[in-house]
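These notes are about the structure you will find just below.
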Amino acid sequence: MKDKTMLIHHKEDQTNYQGAVVPPIYQNSLFVFEDWDAINQAFEDPINNSIYSRGKNPGVSMVEEKLAKLCHGEKAKMFSSGMGAISASILHYVKANDHIISINNIYGPTNNFIRHYLKEKCNIDSTFVEGKNIQDFENAIRPNTKLIYLESPSSAIFSLQDIEAVAKLARKHKIKTVIDNTWASPIFQKPLDLGIDLEVHSCSKYIGGHSDIVAGVIVGKENDLDEIFTHEAALLGAKMAPFEAWLILRSLRTLSIRMKEHQSNTRKVIELLQNHEAVEKIYYPGIPSFDQYELAK
């Protein structure tokens, strides 16, 4: 199915909820079982069984499965905020005394988390590079570098990284990669197809789309997401609420349409700004005057 079709129909089965066109909200903390053997079986596999909504909830799982498929990942895990997802993805790959490489213009709270919080709490060093040249990353690699964290296009000035080249370099040095793909969205960019290990989103932005949700998601391979479920998600507790997940389910039905309209509107704004005497420079990857226009294409 095409993305816009999949986002409407994937993993939805009206026979499971009495024919309702829209799936219900599973607004509950606990789940019941037929007998003690069923409970034991569920507790042996909490990743795939609804026991307690901090872990798995049917409505949340439906949204996770849609987002995993949209991003071309094997699995997804939702969080109560974008920073919940971002911090969990980073913590999944690093430990005390490791080193992280990132770019200068990442989202402010992410910058603070990597540059200050992890240094003060875990003695994790970081190096921030411009990132427009693959050599920036290669020169920053240390023996203890465990993660390269990307955001392309980046916050504020929309600078790009050559995602595929960075992923290839990271694999060569056995370094993991995470990318914040919030700005482009999975409609316009599929970083997992380019070799990135984990993709994160603030679902509060385009995925939510209505300014009524705060949420985040991590998408990647099943083994990574199962480990995140058991550790960073369950232990830190930044779980996705059933109602917010239901709102995201609503939003996904129009994501493809909305992103095309955003792009169309932006082009009209750019045309206006290009001819405005008060504008000195435009930071937008989709125009020939942008210094990384060829990479953007």
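Each chain in the structure tokens gets a letter, A, B, ..., in the order shown, and its residues are numbered from 1; ligands are numbered from 1 in order too.
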Can I get the residues of segment 50-158 of chain A within 10 Å of segment 272-291 of chain A, each with the closest pair of atoms and their distance in Å to one decimal, using only C-alpha atoms, sorted chain first then ascending number, as CSV?
```
residue,atom,partner,partner_atom,distance
A:Lys132,CA,A:Asp291,CA,9.9
A:Pro153,CA,A:Pro285,CA,8.1
A:Ala156,CA,A:Tyr283,CA,8.3
A:Ile157,CA,A:Tyr283,CA,5.6
A:Phe158,CA,A:Tyr284,CA,6.4
```
Generate a file of the selected residues that holds N, CA and C atoms, formatted as an mmCIF file, in the first residue's frame.
```
data_model
loop_
_atom_site.group_PDB
_atom_site.id
_atom_site.type_symbol
_atom_site.label_atom_id
_atom_site.label_comp_id
_atom_site.auth_asym_id
_atom_site.auth_seq_id
_atom_site.Cartn_x
_atom_site.Cartn_y
_atom_site.Cartn_z
ATOM 1 N N LYS A 132 28.352 19.350 7.563
ATOM 2 C CA LYS A 132 28.053 19.443 6.131
ATOM 3 C C LYS A 132 28.998 18.583 5.298
ATOM 4 N N PRO A 153 16.865 17.808 7.971
ATOM 5 C CA PRO A 153 17.442 19.138 8.170
ATOM 6 C C PRO A 153 17.469 19.514 9.658
ATOM 7 N N ALA A 156 16.288 25.337 12.979
ATOM 8 C CA ALA A 156 16.492 26.770 12.714
ATOM 9 C C ALA A 156 17.055 27.079 11.330
ATOM 10 N N ILE A 157 18.223 26.520 10.978
ATOM 11 C CA ILE A 157 18.832 26.897 9.700
ATOM 12 C C ILE A 157 18.767 25.773 8.661
ATOM 13 N N PHE A 158 18.200 24.636 9.005
ATOM 14 C CA PHE A 158 17.908 23.557 8.050
ATOM 15 C C PHE A 158 19.147 23.035 7.322
#
```
Practice item. Compile the contact shell of Lys75 of chain A as a list in words: residues with an atom at most 8 Å away, counting only C-alpha atoms, same-chain residues fewer than 4 positions apart removed. Key: Glu64, Glu65, Ala68, Lys69, Val219, Gly220, Lys221, Glu222 and Leu225 of chain A
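Atom CA of Ile228 of chain A lies 7.7 Å from atom CA of Ser89 of chain A.
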Review point. Interatomic distance between atom CA of Cys122 of chain A and atom CA of Glu232 of chain A?
Key: 15.5 Å
Practice item. Calculate how many Å separate atom CA of Pro58 of chain A from atom CA of Asp224 of chain A, rounding to one decimal. Key: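 Value for the atom CA of Pro58 of chain A-atom CA of Asp224 of chain A distance: 20.7 Å.
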Practice item. Excluding Cys203 of chain A and residues on its chain fewer than 5 positions from it, collect all residues at most 7 Å away from it, counting only C-alpha atoms, and give them as a ChimeraX atom specification. Key: /A:82,208,214-217
Let's see if you can do this: from backbone DSSP, list all strand (DSSP E) residues in segment 202-289 of chain A, as a CSV table (one decimal) with C-alpha atoms, in the first residue's frame.
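Contents of states29.csv, freshly written:
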```
chain,number,residue,atom,x,y,z
A,202,SER,CA,8.6,14.6,18.1
A,216,GLY,CA,7.5,11.0,20.7
A,217,VAL,CA,8.5,7.8,18.9
A,218,ILE,CA,11.5,5.7,18.2
A,219,VAL,CA,11.6,3.5,15.1
A,220,GLY,CA,14.2,0.9,14.1
```
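Distances from A:Met83, A:Val178, A:Ile248, A:Leu194 to Ile207 of chain A were compared using only C-alpha atoms, and the smallest one belongs to A:Ile248.
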Practice item. Write out as a list in words the residues lying within 12 Å of Arg250 of chain A, counting only C-alpha atoms and excluding same-chain residues fewer than 6 positions away. Key: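 My list of contacting residues is Leu7, Ile8, His9, Val21, Val22, Pro23, Pro24, Ile25, Gly59, Met62, Val63, Lys66, Ile207, Gly208, Gly209, His210, Asp212, Ile213, Phe243 and Glu244 of chain A.
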Expected file: the selected residues, N, CA and C atoms, as a PDB file, in the first residue's frame:
```pdb
ATOM      1  N   LEU A   7      -1.687   4.343   6.190  1.00  0.00           N
ATOM      2  CA  LEU A   7      -1.942   5.082   7.417  1.00  0.00           C
ATOM      3  C   LEU A   7      -3.412   5.063   7.823  1.00  0.00           C
ATOM      4  N   ILE A   8      -4.280   4.802   6.893  1.00  0.00           N
ATOM      5  CA  ILE A   8      -5.711   4.687   7.194  1.00  0.00           C
ATOM      6  C   ILE A   8      -6.076   3.272   7.635  1.00  0.00           C
ATOM      7  N   HIS A   9      -5.504   2.268   6.977  1.00  0.00           N
ATOM      8  CA  HIS A   9      -6.015   0.901   7.135  1.00  0.00           C
ATOM      9  C   HIS A   9      -5.114  -0.073   7.902  1.00  0.00           C
ATOM     10  N   VAL A  21     -16.075   2.313  13.206  1.00  0.00           N
ATOM     11  CA  VAL A  21     -15.204   2.760  12.121  1.00  0.00           C
ATOM     12  C   VAL A  21     -13.859   3.231  12.671  1.00  0.00           C
ATOM     13  N   VAL A  22     -13.892   3.917  13.805  1.00  0.00           N
ATOM     14  CA  VAL A  22     -12.674   4.396  14.455  1.00  0.00           C
ATOM     15  C   VAL A  22     -12.373   3.503  15.654  1.00  0.00           C
ATOM     16  N   PRO A  23     -11.149   3.013  15.796  1.00  0.00           N
ATOM     17  CA  PRO A  23     -10.808   2.157  16.939  1.00  0.00           C
ATOM     18  C   PRO A  23     -11.064   2.857  18.266  1.00  0.00           C
ATOM     19  N   PRO A  24     -11.394   2.122  19.316  1.00  0.00           N
ATOM     20  CA  PRO A  24     -11.669   2.722  20.619  1.00  0.00           C
ATOM     21  C   PRO A  24     -10.389   3.168  21.320  1.00  0.00           C
ATOM     22  N   ILE A  25     -10.569   3.947  22.372  1.00  0.00           N
ATOM     23  CA  ILE A  25      -9.459   4.311  23.247  1.00  0.00           C
ATOM     24  C   ILE A  25      -9.413   3.294  24.383  1.00  0.00           C
ATOM     25  N   GLY A  59      -4.266   0.283  21.882  1.00  0.00           N
ATOM     26  CA  GLY A  59      -4.380   1.480  21.055  1.00  0.00           C
ATOM     27  C   GLY A  59      -3.040   2.092  20.716  1.00  0.00           C
ATOM     28  N   MET A  62      -1.223  -0.046  18.080  1.00  0.00           N
ATOM     29  CA  MET A  62      -1.711   0.167  16.720  1.00  0.00           C
ATOM     30  C   MET A  62      -0.988   1.336  16.055  1.00  0.00           C
ATOM     31  N   VAL A  63      -0.820   2.415  16.806  1.00  0.00           N
ATOM     32  CA  VAL A  63      -0.121   3.587  16.273  1.00  0.00           C
ATOM     33  C   VAL A  63       1.356   3.258  16.041  1.00  0.00           C
ATOM     34  N   LYS A  66       1.740   1.347  12.810  1.00  0.00           N
ATOM     35  CA  LYS A  66       1.597   2.222  11.636  1.00  0.00           C
ATOM     36  C   LYS A  66       2.867   3.036  11.412  1.00  0.00           C
ATOM     37  N   ILE A 207       3.572  14.986  12.785  1.00  0.00           N
ATOM     38  CA  ILE A 207       2.828  13.735  12.948  1.00  0.00           C
ATOM     39  C   ILE A 207       1.535  13.988  13.707  1.00  0.00           C
ATOM     40  N   GLY A 208       1.596  14.776  14.776  1.00  0.00           N
ATOM     41  CA  GLY A 208       0.378  15.169  15.493  1.00  0.00           C
ATOM     42  C   GLY A 208      -0.420  16.181  14.693  1.00  0.00           C
ATOM     43  N   GLY A 209       0.228  17.281  14.337  1.00  0.00           N
ATOM     44  CA  GLY A 209      -0.305  18.192  13.352  1.00  0.00           C
ATOM     45  C   GLY A 209      -1.392  19.151  13.783  1.00  0.00           C
ATOM     46  N   HIS A 210      -1.909  19.041  15.001  1.00  0.00           N
ATOM     47  CA  HIS A 210      -3.033  19.875  15.414  1.00  0.00           C
ATOM     48  C   HIS A 210      -2.738  20.675  16.684  1.00  0.00           C
ATOM     49  N   ASP A 212      -2.305  19.709  19.630  1.00  0.00           N
ATOM     50  CA  ASP A 212      -3.037  19.229  20.811  1.00  0.00           C
ATOM     51  C   ASP A 212      -2.430  17.954  21.384  1.00  0.00           C
ATOM     52  N   ILE A 213      -1.183  17.641  20.985  1.00  0.00           N
ATOM     53  CA  ILE A 213      -0.527  16.410  21.438  1.00  0.00           C
ATOM     54  C   ILE A 213       0.923  16.724  21.794  1.00  0.00           C
ATOM     55  N   PHE A 243      -5.047   8.118  25.274  1.00  0.00           N
ATOM     56  CA  PHE A 243      -5.815   9.159  24.586  1.00  0.00           C
ATOM     57  C   PHE A 243      -4.957   9.894  23.565  1.00  0.00           C
ATOM     58  N   GLU A 244      -3.712  10.252  23.937  1.00  0.00           N
ATOM     59  CA  GLU A 244      -2.824  10.918  22.991  1.00  0.00           C
ATOM     60  C   GLU A 244      -2.516  10.006  21.803  1.00  0.00           C
TER      61      GLU A 244
END
```
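The residue that comes closest to Asp98 of chain A, out of A:Gly73, A:Gly55, A:Pro143, A:Gly131 and on the basis of only C-alpha atoms, is A:Pro143.
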Point to revise | Residues of segment 5-239 of chain A in helix (DSSP H, G or I), written as a PyMOL selection string | key: chain A and resi 5-9+14-17+36-44+46-48+58-70+82-93+108-122+134-140+163-172+185-188+191-194+222-236
Exercise for review: Compile the contact shell of Asp136 of chain A as a ChimeraX atom specification: residues with an atom at most 12 Å away, counting only C-alpha atoms, same-chain residues fewer than 5 positions apart removed.
Suggested key: /A:101-104,127-131,141,148,161-162,165-166,169
Exercise for review: Find the spatial neighbours of segment 49-53 of chain A, counting only C-alpha atoms, within a cut-off of 10 Å - ignore same-chain residues fewer than 6 positions away - and output them as number ranges by chain.
Suggested key: A: 26-33, 39, 41-43, 59-61, 239-242
Check your understanding: Between A:Asn105, A:Asp3, A:Ala167, A:Ser87, which is the closest to Leu118 of chain A once you count only C-alpha atoms?
Key -> A:Ser87
Check your understanding: Nearest to Arg258 of chain A: which of A:Phe113, A:Tyr17, A:Phe188, A:Trp36 is it, counting only C-alpha atoms?
Key -> A:Phe188
Practice item. Would you mind telling me which residue in A:Ile187, A:Leu249, A:Leu295, A:Ile257 lies nearest to Cys71 of chain A when using only C-alpha atoms? Key: A:Ile187
Exercise for review: Choose the residue, out of A:Ser81, A:Ser152, A:Asn144, A:Asn112, that has the smallest atom-to-atom separation from Ala238 of chain A; count only C-alpha atoms.
Suggested key: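 Under the stated criterion, the closest residue is A:Ser81.
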